[in-house]
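Engineer: Take a look at work.cif, mmCIF, C-alpha atoms:
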data_my_file
loop_
_atom_site.label_atom_id
_atom_site.label_comp_id
_atom_site.auth_asym_id
_atom_site.auth_seq_id
_atom_site.Cartn_x
_atom_site.Cartn_y
_atom_site.Cartn_z
CA MET A 1 119.77 137.28 51.42
CA ALA A 2 120.50 136.16 52.57
CA ALA A 3 118.44 136.45 49.72
CA ARG A 4 120.37 134.12 47.57
CA ASP A 5 121.33 130.56 48.36
CA ARG A 6 124.98 130.20 47.48
CA GLY A 7 124.62 126.57 46.41
CA THR A 8 125.73 125.18 43.10
CA ARG A 9 124.26 122.69 40.75
CA GLY A 10 124.99 119.11 41.61
CA SER A 11 123.96 116.42 44.02
CA ALA A 12 126.15 117.36 46.99
CA GLY A 13 127.93 114.02 47.11
CA LEU A 14 124.81 111.88 46.81
CA SER A 15 125.10 108.70 44.87
CA PRO A 16 123.30 108.66 41.50
CA ALA A 17 120.73 106.26 42.94
CA SER A 18 119.84 108.55 45.83
CA ALA A 19 120.18 111.81 43.90
CA ARG A 20 117.79 110.84 41.12
CA ALA A 21 114.32 109.60 41.75
CA PRO A 22 112.70 107.08 39.44
CA ALA A 23 109.98 108.57 37.27
CA SER A 24 107.30 106.84 39.32
CA ALA A 25 108.48 108.66 42.47
CA ARG A 26 108.35 112.12 40.98
CA GLY A 27 105.22 114.16 41.55
CA ASN A 28 105.75 116.48 38.59
CA ALA A 29 104.76 114.35 35.62
CA PRO A 30 102.25 116.55 33.75
CA ALA A 31 99.73 113.77 33.22
CA ARG A 32 99.76 112.75 36.87
CA ALA A 33 99.52 116.32 38.16
CA GLY A 34 96.85 117.25 35.66
CA ALA A 35 94.77 114.25 36.56
CA ALA A 36 94.80 115.29 40.21
CA ALA A 37 93.95 118.90 39.40
CA GLY A 38 91.10 119.18 36.92
CA PRO A 39 89.49 122.32 35.46
CA ALA A 40 88.00 123.47 38.78
CA GLY A 41 91.40 123.40 40.46
CA ARG A 42 93.08 125.30 37.65
CA GLU A 43 90.29 127.88 37.71
CA ALA A 44 90.92 128.36 41.44
CA VAL A 45 94.62 129.03 40.78
CA GLU A 46 93.73 131.45 37.97
CA ARG A 47 91.38 133.33 40.30
CA LEU A 48 94.04 133.58 43.02
CA LEU A 49 96.59 134.80 40.46
CA ALA A 50 94.24 137.43 39.04
CA ALA A 51 93.61 138.85 42.50
CA ARG A 52 97.36 139.25 43.05
CA VAL A 53 98.05 140.88 39.71
CA GLU A 54 95.20 143.36 40.13
CA ALA A 55 96.18 144.24 43.70
CA GLY A 56 99.81 144.80 42.70
CA GLU A 57 98.92 147.06 39.80
CA GLN A 58 96.60 149.21 41.90
CA PHE A 59 98.94 149.45 44.88
CA PHE A 60 102.20 150.29 43.13
CA ASP A 61 100.66 152.59 40.51
CA THR A 62 99.49 154.86 43.31
CA GLN A 63 102.45 154.44 45.68
CA ALA A 64 105.44 154.67 43.31
CA PRO A 65 106.13 158.43 43.81
CA ARG A 66 105.90 158.08 47.62
CA ILE A 67 108.20 155.04 47.56
CA ALA A 68 110.78 157.04 45.58
CA ARG A 69 110.72 159.89 48.12
CA LEU A 70 111.01 157.46 51.00
CA CYS A 71 114.06 155.82 49.41
CA HIS A 72 115.75 159.23 49.33
CA LEU A 73 114.98 159.90 52.98
CA MET A 74 116.21 156.45 54.00
CA ALA A 75 119.44 156.96 52.06
CA ARG A 76 120.02 160.25 53.89
CA ARG A 77 119.57 158.46 57.24
CA PHE A 78 122.02 155.71 56.27
CA ALA A 79 124.51 158.36 55.07
CA ARG A 80 124.39 159.90 58.56
CA GLY A 81 125.08 156.58 60.26
CA GLY A 82 121.52 155.40 60.82
CA ARG A 83 120.37 151.79 60.85
CA LEU A 84 117.27 149.93 59.75
CA ILE A 85 115.39 148.54 62.75
CA ALA A 86 112.65 146.08 61.78
CA LEU A 87 109.92 145.29 64.32
CA GLY A 88 107.78 142.14 64.24
CA ALA A 89 106.53 140.55 67.42
CA GLN A 90 105.72 137.03 66.27
CA GLY A 91 104.49 134.78 63.50
CA ALA A 92 104.36 136.21 59.99
CA ALA A 93 105.29 139.67 61.29
CA SER A 94 108.57 138.39 62.76
CA SER A 95 109.39 136.57 59.51
CA ASP A 96 108.92 139.83 57.57
CA ALA A 97 111.10 141.71 60.06
CA ARG A 98 113.88 139.17 59.70
CA HIS A 99 113.47 139.10 55.93
CA VAL A 100 113.92 142.83 55.41
CA ALA A 101 116.84 142.95 57.86
CA VAL A 102 118.78 140.22 56.11
CA GLU A 103 118.22 141.92 52.74
CA PHE A 104 119.87 145.12 53.90
CA VAL A 105 122.74 143.44 55.75
CA HIS A 106 123.53 140.90 53.02
CA PRO A 107 122.99 142.50 49.59
CA VAL A 108 122.85 140.22 46.58
CA ILE A 109 123.46 142.76 43.82
CA VAL A 110 127.18 142.98 43.06
CA GLY A 111 128.70 146.27 44.14
CA LYS A 112 125.94 147.25 46.56
CA ARG A 113 126.99 148.06 50.09
CA ALA A 114 125.84 146.20 53.16
CA LEU A 115 123.66 148.49 55.25
CA PRO A 116 123.23 148.09 59.02
CA ALA A 117 119.93 146.43 59.93
CA ILE A 118 118.53 144.31 62.72
CA ALA A 119 115.21 142.58 63.38
CA LEU A 120 113.64 142.93 66.82
CA THR A 121 111.04 140.31 67.75
CA GLY A 122 109.28 139.31 70.93
CA GLU A 123 109.16 142.06 73.58
CA LEU A 124 109.35 144.99 71.20
CA ALA A 125 108.78 147.94 73.52
CA VAL A 126 111.65 147.03 75.86
CA GLN A 127 114.10 146.30 73.04
CA ALA A 128 113.19 149.43 71.10
CA ALA A 129 113.62 151.64 74.15
CA LEU A 130 117.13 150.28 74.66
CA LEU A 131 118.37 150.20 71.08
CA LEU A 132 116.74 152.97 69.00
CA GLU A 133 118.86 155.97 68.02
CA PRO A 134 117.69 159.24 66.41
CA GLU A 135 119.00 158.56 62.87
CA ASP A 136 117.49 155.08 62.65
CA VAL A 137 114.81 153.98 60.20
CA VAL A 138 112.14 151.90 61.93
CA ILE A 139 109.91 149.61 59.86
CA ALA A 140 107.07 147.84 61.67
CA PHE A 141 105.09 144.71 60.82
CA GLY A 142 101.93 143.38 62.43
CA GLU A 143 100.39 144.02 65.82
CA GLY A 144 102.07 145.25 68.97
CA THR A 145 104.17 147.92 67.25
CA ALA A 146 102.19 151.08 68.05
CA ASP A 147 104.03 151.99 71.27
CA PRO A 148 107.53 151.34 69.85
CA LEU A 149 106.64 153.42 66.78
CA ARG A 150 105.49 156.33 68.93
CA ALA A 151 108.70 156.12 70.92
CA ALA A 152 110.74 155.98 67.70
CA ARG A 153 109.06 159.10 66.30
CA ALA A 154 109.57 160.94 69.54
CA ASN A 155 113.25 159.99 69.37
CA GLY A 156 113.63 161.42 65.86
CA CYS A 157 113.57 158.12 63.92
CA LEU A 158 112.05 157.80 60.47
CA THR A 159 109.10 155.40 60.86
CA ILE A 160 107.40 153.13 58.29
CA ALA A 161 104.37 150.87 58.76
CA PHE A 162 101.73 149.01 56.80
CA ALA A 163 98.75 149.85 58.98
CA ALA A 164 97.27 153.27 59.65
CA GLY A 165 97.66 155.26 62.80
CA THR A 166 101.20 155.57 64.12
CA ALA A 167 104.05 155.79 61.59
CA GLU A 168 105.23 158.79 59.65
CA TRP A 169 105.18 156.83 56.39
CA GLU A 170 102.27 154.42 56.03
CA PHE A 171 101.64 152.11 53.09
CA VAL A 172 98.27 150.49 53.73
CA PRO A 173 96.81 147.99 51.23
CA PRO A 174 93.07 148.51 50.55
CA ALA A 175 90.85 147.26 53.36
CA ASP A 176 89.31 144.50 51.24
CA THR A 177 92.70 143.00 50.27
CA ASP A 178 93.12 139.35 51.21
CA PRO A 179 95.59 139.18 54.15
CA LEU A 180 97.97 136.87 52.28
CA VAL A 181 97.91 139.09 49.19
CA ALA A 182 98.50 142.15 51.40
CA GLN A 183 101.58 140.48 52.86
CA GLU A 184 102.89 139.84 49.35
CA LEU A 185 102.46 143.54 48.50
CA VAL A 186 104.40 144.44 51.64
CA GLU A 187 107.23 142.05 50.77
CA THR A 188 107.55 143.50 47.30
CA LEU A 189 107.56 146.98 48.80
CA TYR A 190 110.38 146.36 51.24
CA HIS A 191 112.40 144.58 48.57
CA VAL A 192 111.97 147.64 46.34
CA LEU A 193 113.02 149.94 49.19
CA TRP A 194 116.16 147.86 49.66
CA GLU A 195 116.98 147.85 45.95
CA LEU A 196 116.33 151.53 45.23
CA VAL A 197 117.72 153.15 48.37
CA HIS A 198 121.13 152.42 46.83
CA VAL A 199 120.40 154.67 43.85
CA PHE A 200 120.79 157.76 46.00
CA PHE A 201 124.27 156.73 47.15
CA GLU A 202 125.34 156.94 43.50
CA HIS A 203 124.25 160.57 42.94
CA ARG A 204 126.57 163.18 44.39
CA GLY A 205 124.81 166.16 45.85
CA LEU A 206 121.49 164.46 46.61
CA LEU A 207 122.64 163.43 50.09
CA GLU A 208 123.93 166.52 51.86
CA ASP A 209 125.62 164.44 54.55
CA ARG A 210 127.33 161.97 52.26
CA PRO A 211 131.12 162.32 52.00
CA SER A 212 132.30 163.34 48.56
CA GLY A 213 133.81 160.66 46.39
CA PRO A 214 134.19 159.44 42.81
CA ARG A 215 131.10 159.05 40.71
CA HIS A 216 129.79 155.52 40.35
CA ASP A 217 129.96 153.57 37.10
CA ALA A 218 126.96 151.24 36.95
CA GLY A 219 128.95 148.66 34.99
CA ALA A 220 127.36 145.23 34.99
CA SER A 221 124.42 146.53 37.05
CA SER A 222 123.29 148.95 34.33
CA PHE A 223 120.71 146.54 32.91
CA LEU A 224 118.91 146.61 36.27
CA TYR A 225 119.34 150.32 37.02
CA PRO A 226 120.03 152.10 33.71
CA PHE A 227 120.08 155.53 35.35
CA LEU A 228 122.79 154.76 37.94
CA ALA A 229 125.67 156.02 35.81
CA GLN A 230 123.98 159.26 34.74
CA ASP A 231 125.66 162.51 35.74
CA GLU A 232 122.59 163.62 37.69
CA HIS A 233 122.28 166.37 40.28
CA ASP A 234 118.57 167.13 39.95
CA LEU A 235 116.66 165.47 42.79
CA ASP A 236 113.31 165.71 41.03
CA ALA A 237 114.71 163.96 37.97
CA VAL A 238 116.21 161.15 40.05
CA LEU A 239 112.97 160.77 42.01
CA ALA A 240 111.10 160.44 38.72
CA ASP A 241 113.56 157.78 37.56
CA VAL A 242 113.20 155.88 40.82
CA ALA A 243 109.40 156.05 40.68
CA ALA A 244 109.56 154.69 37.12
CA SER A 245 111.79 151.89 38.36
CA VAL A 246 109.24 151.05 41.09
CA ALA A 247 106.58 150.69 38.39
CA MET A 248 108.94 148.56 36.30
CA LYS A 249 109.65 146.23 39.21
CA ALA A 250 105.93 145.92 39.97
CA ALA A 251 105.36 144.87 36.35
CA GLU A 252 108.22 142.36 36.59
CA ILE A 253 106.77 140.67 39.65
CA ALA A 254 103.30 140.57 38.11
CA ALA A 255 104.74 138.74 35.11
CA LEU A 256 106.77 136.39 37.30
CA ARG A 257 103.79 135.58 39.51
CA SER A 258 101.83 134.81 36.34
CA GLN A 259 104.58 132.45 35.20
CA THR A 260 104.98 130.80 38.58
CA LEU A 261 101.30 130.20 39.29
CA GLY A 262 100.21 129.67 35.69
CA GLU A 263 102.95 127.30 34.57
CA ASN A 264 102.83 125.39 37.85
CA ALA A 265 99.07 125.31 38.45
CA ASP A 266 98.78 121.54 38.20
CA ARG A 267 101.89 121.05 40.30
CA LEU A 268 100.57 123.34 43.01
CA LEU A 269 97.31 121.43 43.06
CA ALA A 270 99.10 118.09 43.25
CA ALA A 271 101.41 119.38 46.00
CA ALA A 272 98.43 120.73 47.96
CA ALA A 273 96.69 117.36 47.70
CA ALA A 274 99.84 115.61 48.95
CA LEU A 275 100.21 118.03 51.88
CA ARG A 276 96.54 117.64 52.76
CA ALA A 277 96.84 113.86 52.76
CA SER A 278 99.90 114.07 54.99
CA LEU A 279 98.35 116.47 57.49
CA ASP A 280 94.97 114.77 57.58
CA GLY A 281 96.81 111.52 58.25
CA GLY A 282 98.51 112.93 61.35
CA GLY A 283 101.70 114.13 59.72
CA ARG A 284 103.50 117.47 60.11
CA VAL A 285 105.00 119.90 57.62
CA LEU A 286 108.74 120.54 58.03
CA ALA A 287 109.96 123.71 56.29
CA LEU A 288 113.46 124.98 55.58
CA GLY A 289 115.56 127.43 53.60
CA ASN A 290 118.69 129.60 53.77
CA GLY A 291 118.83 133.33 54.43
CA GLY A 292 115.79 135.04 52.95
CA SER A 293 114.42 131.62 52.09
CA ALA A 294 114.64 130.78 55.80
CA THR A 295 112.24 133.64 56.49
CA ASP A 296 109.93 132.25 53.80
CA ALA A 297 110.00 128.89 55.57
CA ALA A 298 109.16 130.66 58.82
CA ASP A 299 106.29 132.51 57.15
CA LEU A 300 104.84 129.30 55.73
CA VAL A 301 104.99 127.66 59.16
CA ALA A 302 103.28 130.71 60.72
CA ASP A 303 100.55 130.56 58.07
CA LEU A 304 100.01 126.86 58.72
CA ARG A 305 99.93 127.14 62.50
CA SER A 306 97.70 130.22 62.59
CA ALA A 307 95.35 130.74 59.64
CA PRO A 308 94.41 134.28 58.51
CA ALA A 309 91.61 135.85 60.54
CA GLY A 310 88.20 135.05 59.14
CA SER A 311 89.42 132.28 56.88
CA GLY A 312 87.88 129.45 58.89
CA TRP A 313 90.93 127.30 58.10
CA ARG A 314 92.10 124.85 60.71
CA PRO A 315 95.52 125.24 62.33
CA ARG A 316 98.03 122.78 60.91
CA ALA A 317 101.06 121.13 62.51
CA ALA A 318 104.32 122.57 61.17
CA ILE A 319 107.97 122.84 62.27
CA ASP A 320 110.44 125.47 61.05
CA LEU A 321 113.85 123.81 60.66
CA SER A 322 115.47 127.22 60.05
CA GLU A 323 114.26 128.67 63.35
CA ASP A 324 116.63 127.70 66.14
CA PRO A 325 120.08 129.34 65.89
CA SER A 326 121.53 127.11 68.63
CA ILE A 327 120.70 123.98 66.64
CA LEU A 328 121.84 125.46 63.33
CA THR A 329 125.15 126.73 64.70
CA ALA A 330 125.86 123.56 66.66
CA ILE A 331 125.43 121.37 63.61
CA ALA A 332 127.31 123.79 61.34
CA ASN A 333 130.22 124.02 63.80
CA ASP A 334 130.49 120.33 64.69
CA ILE A 335 129.57 118.68 61.39
CA GLY A 336 129.32 121.34 58.69
CA PRO A 337 126.71 123.65 57.15
CA ALA A 338 125.64 121.03 54.61
CA ALA A 339 124.11 118.99 57.46
CA ILE A 340 122.08 121.70 59.23
CA PHE A 341 118.78 120.52 57.77
CA SER A 342 119.36 116.82 57.09
CA ARG A 343 120.27 116.22 60.75
CA GLN A 344 117.00 117.82 61.79
CA VAL A 345 115.08 115.71 59.28
CA ILE A 346 116.64 112.68 60.97
CA ALA A 347 115.56 114.02 64.37
CA HIS A 348 112.02 115.09 63.47
CA GLY A 349 111.01 113.37 60.25
CA ARG A 350 108.57 110.48 60.29
CA PRO A 351 106.87 108.55 57.50
CA GLY A 352 103.73 110.45 56.62
CA ASP A 353 105.27 113.88 57.22
CA ALA A 354 105.89 116.42 54.45
CA LEU A 355 108.92 118.61 53.80
CA VAL A 356 108.70 122.00 52.03
CA ALA A 357 112.08 123.35 50.92
CA PHE A 358 112.91 126.82 49.58
CA SER A 359 115.92 127.49 47.37
CA THR A 360 116.26 130.43 45.00
CA SER A 361 119.11 128.67 43.18
CA GLY A 362 117.72 125.14 43.19
CA GLY A 363 121.19 123.91 44.09
CA SER A 364 121.88 124.59 47.77
CA HIS A 365 123.74 121.60 49.18
CA ASN A 366 122.07 121.59 52.58
CA VAL A 367 118.63 121.72 50.93
CA ILE A 368 119.52 118.88 48.57
CA ASP A 369 120.81 116.76 51.45
CA ALA A 370 117.62 117.38 53.42
CA LEU A 371 115.44 116.38 50.46
CA ALA A 372 117.45 113.17 50.04
CA GLU A 373 117.12 112.35 53.74
CA ALA A 374 113.40 113.03 53.65
CA ARG A 375 112.93 110.73 50.66
CA ARG A 376 114.81 107.95 52.43
CA ARG A 377 112.39 108.30 55.35
CA GLY A 378 109.20 108.19 53.31
CA ILE A 379 108.47 111.89 53.65
CA VAL A 380 106.63 113.74 50.87
CA THR A 381 108.81 116.56 49.49
CA VAL A 382 107.86 119.88 47.89
CA ALA A 383 110.51 122.31 46.61
CA LEU A 384 110.07 125.94 45.58
CA VAL A 385 113.05 126.84 43.41
CA GLY A 386 114.26 129.70 41.21
CA TYR A 387 116.45 130.11 38.12
CA ASP A 388 115.79 127.06 35.92
CA GLY A 389 115.10 124.88 38.96
CA GLY A 390 118.73 123.84 39.39
CA ALA A 391 119.68 120.32 40.37
CA ILE A 392 116.51 119.93 42.43
CA ALA A 393 114.31 120.18 39.35
CA ALA A 394 116.73 118.68 36.82
CA ASP A 395 117.41 115.57 38.89
CA GLY A 396 113.90 115.13 40.32
CA LEU A 397 115.11 115.52 43.91
CA ALA A 398 111.65 116.55 45.16
CA ASP A 399 108.33 114.82 44.63
CA HIS A 400 106.80 118.17 43.65
CA HIS A 401 108.78 121.17 42.47
CA ILE A 402 107.54 124.69 41.68
CA VAL A 403 109.94 126.64 39.45
CA THR A 404 110.05 130.44 39.36
CA ARG A 405 112.00 131.22 36.19
CA SER A 406 114.09 134.24 37.10
CA GLN A 407 117.65 135.03 38.15
CA HIS A 408 116.69 138.07 40.24
CA ILE A 409 116.54 137.01 43.88
CA PRO A 410 113.99 139.50 45.27
CA ARG A 411 111.54 138.78 42.43
CA ILE A 412 111.99 135.02 42.90
CA GLN A 413 111.14 135.28 46.58
CA GLU A 414 108.12 137.47 45.93
CA ALA A 415 106.73 134.98 43.42
CA GLN A 416 107.51 132.11 45.79
CA ALA A 417 105.53 133.92 48.50
CA SER A 418 102.54 133.89 46.16
CA ALA A 419 103.13 130.21 45.43
CA TYR A 420 103.20 129.07 49.06
CA HIS A 421 100.30 131.31 49.99
CA VAL A 422 98.28 129.78 47.16
CA LEU A 423 99.44 126.36 48.30
CA ARG A 424 98.15 127.18 51.80
CA GLU A 425 94.76 128.16 50.40
CA LEU A 426 94.54 125.13 48.10
CA LEU A 427 95.28 122.97 51.11
CA GLU A 428 91.88 123.96 52.52
CA ARG A 429 90.04 124.09 49.17
CA ASP A 430 88.30 120.75 49.61
CA PRO A 431 87.91 120.23 53.37
CA PRO A 432 86.99 116.73 54.47
CA PRO A 433 83.37 116.09 55.50
CA PRO A 434 82.63 116.43 59.23
CA SER A 435 83.14 113.25 61.24
#
Would you kindly transcribe this structure into structure tokens?
Structural biologist:
Amino acid sequence: MAARDRGTRGSAGLSPASARAPASARGNAPARAGAAAGPAGREAVERLLAARVEAGEQFFDTQAPRIARLCHLMARRFARGGRLIALGAQGAASSDARHVAVEFVHPVIVGKRALPAIALTGELAVQAALLLEPEDVVIAFGEGTADPLRAARANGCLTIAFAAGTAEWEFVPPADTDPLVAQELVETLYHVLWELVHVFFEHRGLLEDRPSGPRHDAGASSFLYPFLAQDEHDLDAVLADVAASVAMKAAEIAALRSQTLGENADRLLAAAAALRASLDGGGRVLALGNGGSATDAADLVADLRSAPAGSGWRPRAAIDLSEDPSILTAIANDIGPAAIFSRQVIAHGRPGDALVAFSTSGGSHNVIDALAEARRRGIVTVALVGYDGGAIAADGLADHHIVTRSQHIPRIQEAQASAYHVLRELLERDPPPPS
């Protein structure tokens, strides 16, 4: 992604003094974070976690067989030359469209093929009319997609949506699901579609239009997909295996969300307090990440600028440093990719601002450089990181770091989505008194 940052551990050329923060500058000391949190804050995090675990169990227990069948149909479309077309007009919907597209185009599991995908944002109806082809798979997010979906169905496309009314395949969270939790369910679902559509490429005979070829040996991937190497021709049996894998992945993300929110409850509360102080003082949130993490940064910015309907939360000032391809490519071409975020921190960052950085590895050089630049400018820093936290956590390169302890990129990003959504809610947990 696009899902995985390709960075390595290390301080990206920073001097020891700038790479490591003194203990007093780090916002992750347990005593300090705990003192800022308190029992009421931890209970709030526990409540938000419980809602996510319960929603995930209910949703995927009922949808697993349908998801398996959809993966088979998608694989048949790809085998016939179809593409994934993701629709999302703006805000969080456009970040989801870009996220699923980059997953399919840039696979992170070794040996998995890149599949053609593109995200359409903005004026959807015009773009869809020009670009859709009969074998395409169209997946729609948010409002403004009804007309393009109707056109896609009329054109013979396979259509998927997360609201009722227009698509052939609809996966609708229960009506009483919190909007942020519902978005997390959707992200897990499209990650699972991306992961499991590949299973059907490895079973000869299940895709009538697939060219014949040697049978696949799962090799190093067998621990993730133990049924890949089976000599299987029975579609029903493979569908049952895929449905079981959907349930397994749902259980994995529930456990990882529990680790991420439970282990980091005090850190989330401390980070939320720091962000609130920055924003209430006139600062802005700058957000950044690479690949799939760039779409997470975009989603956080959308959530800050436009709160969920009915929440009563105030809009917050935020800038997405991953958003503008002309800026990113200019800096990457003229200076180098390591500078794409730090140069923007120099341009936009002011004392009193806050920077939220996403890195599944915890070691992406351009993220590390941006965190160092932010610290030099008196900007509060929050990092959401995977694996063991990488250099960002080990060297205290952020004032507050939230570690999701996994090496599986899609699961890391799903748990990070829960973390920044909870962070957004905690930001408004104790609103200031009216002036």
Engineer: Which residues would end up in the selection if the PyMOL selection byres ((chain A and resi 63) around 10) were applied here, given that I need the answer as a PyMOL selection string?
Structural biologist: chain A and resi 58-62+64-68+171-172+189+243+246-247
Engineer: Can you spell out as a count of residues only the set of residues that the PyMOL selection byres ((chain A and resi 302) around 9) selects in the structure I just provided?
Structural biologist: 16
Engineer: If you measure from CA of Ile319 (chain A) to CA of Ile85 (chain A), what distance in Å do you get, rounded to one decimal?
Structural biologist: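 Separation of CA of Ile319 (chain A) and CA of Ile85 (chain A): 26.8 Å.
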Engineer: Have a look at CA of Ala273 (chain A) and CA of Pro308 (chain A) and let me know their distance in Å, one decimal.
Structural biologist: 20.2 Å
Engineer: Name the closest residue to Ser278 (chain A) among the candidates A:Ala167, A:Ala51, A:Ile379, A:Ile331; distances are taken between atoms, counting only C-alpha atoms.
Structural biologist: A:Ile379
Engineer: Expressed in Å to a single decimal, how great is the separation between CA of Thr404 (chain A) and CA of Gly386 (chain A)?
Structural biologist: 4.7 Å
Engineer: Kindly resolve the PyMOL selection byres ((chain A and resi 251) around 12) on the present coordinates and return the residues as a list of chain:residue names.
Structural biologist: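 Against this file, the PyMOL selection byres ((chain A and resi 251) around 12) returns the residues A:Arg52, A:Val53, A:Glu54, A:Ala55, A:Gly56, A:Glu57, A:Gln58, A:Phe59, A:Phe60, A:Asp61, A:Thr188, A:Ala244, A:Ser245, A:Val246, A:Ala247, A:Met248, A:Lys249, A:Ala250, A:Glu252, A:Ile253, A:Ala254, A:Ala255, A:Leu256, A:Arg257, A:Ser258, A:Arg411.
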Engineer: For His191 (chain A), which residue among A:Val138, A:Ile409, A:Ala274, A:Ala237 is the nearest when counting all atoms listed in the file?
Structural biologist: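 Smallest separation from His191 (chain A) among the options: A:Ile409.
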Engineer: Nearest residue to Gly142 (chain A) out of A:Ala175, A:Ala86, A:Leu48, A:Val385, using only C-alpha atoms?
Structural biologist: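 Comparing A:Ala175, A:Ala86, A:Leu48, A:Val385 against Gly142 (chain A), the winner is A:Ala86.
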Engineer: Near Ala117 (chain A), counting only C-alpha atoms, which residues have an atom at most 9 Å away, once you skip same-chain residues fewer than 5 positions from it, shown as an NGL selection string?
Structural biologist: :A and (83-86 or 100-105)
Engineer: So which residues touch region 74-77 of chain A within 7 Å, counting only C-alpha atoms, skipping near sequence neighbours fewer than 6 positions away, as a ChimeraX atom specification?
Structural biologist: /A:135-137,197,200-201,207
Engineer: Would you save the residues from that selection as a PDB file, in the coordinates of the input, using C-alpha atoms?
Structural biologist:
ATOM      1  CA  GLU A 135     119.000 158.560  62.870  1.00  0.00           C
ATOM      2  CA  ASP A 136     117.490 155.080  62.650  1.00  0.00           C
ATOM      3  CA  VAL A 137     114.810 153.980  60.200  1.00  0.00           C
ATOM      4  CA  VAL A 197     117.720 153.150  48.370  1.00  0.00           C
ATOM      5  CA  PHE A 200     120.790 157.760  46.000  1.00  0.00           C
ATOM      6  CA  PHE A 201     124.270 156.730  47.150  1.00  0.00           C
ATOM      7  CA  LEU A 207     122.640 163.430  50.090  1.00  0.00           C
TER       8      LEU A 207
END
Engineer: Can you pull out the residues contacting Glu373 (chain A)? Cut-off 10 Å, using all atoms listed in the file, and skip same-chain residues under 4 positions away; I want them as an MDAnalysis selection string.
Structural biologist: chainID A and resid 18 341:346 349 367:369 377:379
Engineer: Enumerate, as a list of chain:residue names, the protein, DNA and RNA residues whose atoms approach (106.7, 151.4, 71.4) to within 8 Å, taking into account all atoms listed in the file and the coordinate frame of the file.
Structural biologist: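 The answer, in the requested form, is A:Leu124, A:Ala125, A:Val126, A:Ala128, A:Ala129, A:Thr145, A:Ala146, A:Asp147, A:Pro148, A:Leu149, A:Arg150, A:Ala151, A:Ala152.
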Engineer: Which residue, A:Phe78, A:Trp194, A:Tyr387, A:Phe358, has the smallest gap to Leu286 (chain A) when you use all atoms listed in the file?
Structural biologist: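 Among the listed residues, A:Phe358 lies closest to Leu286 (chain A).
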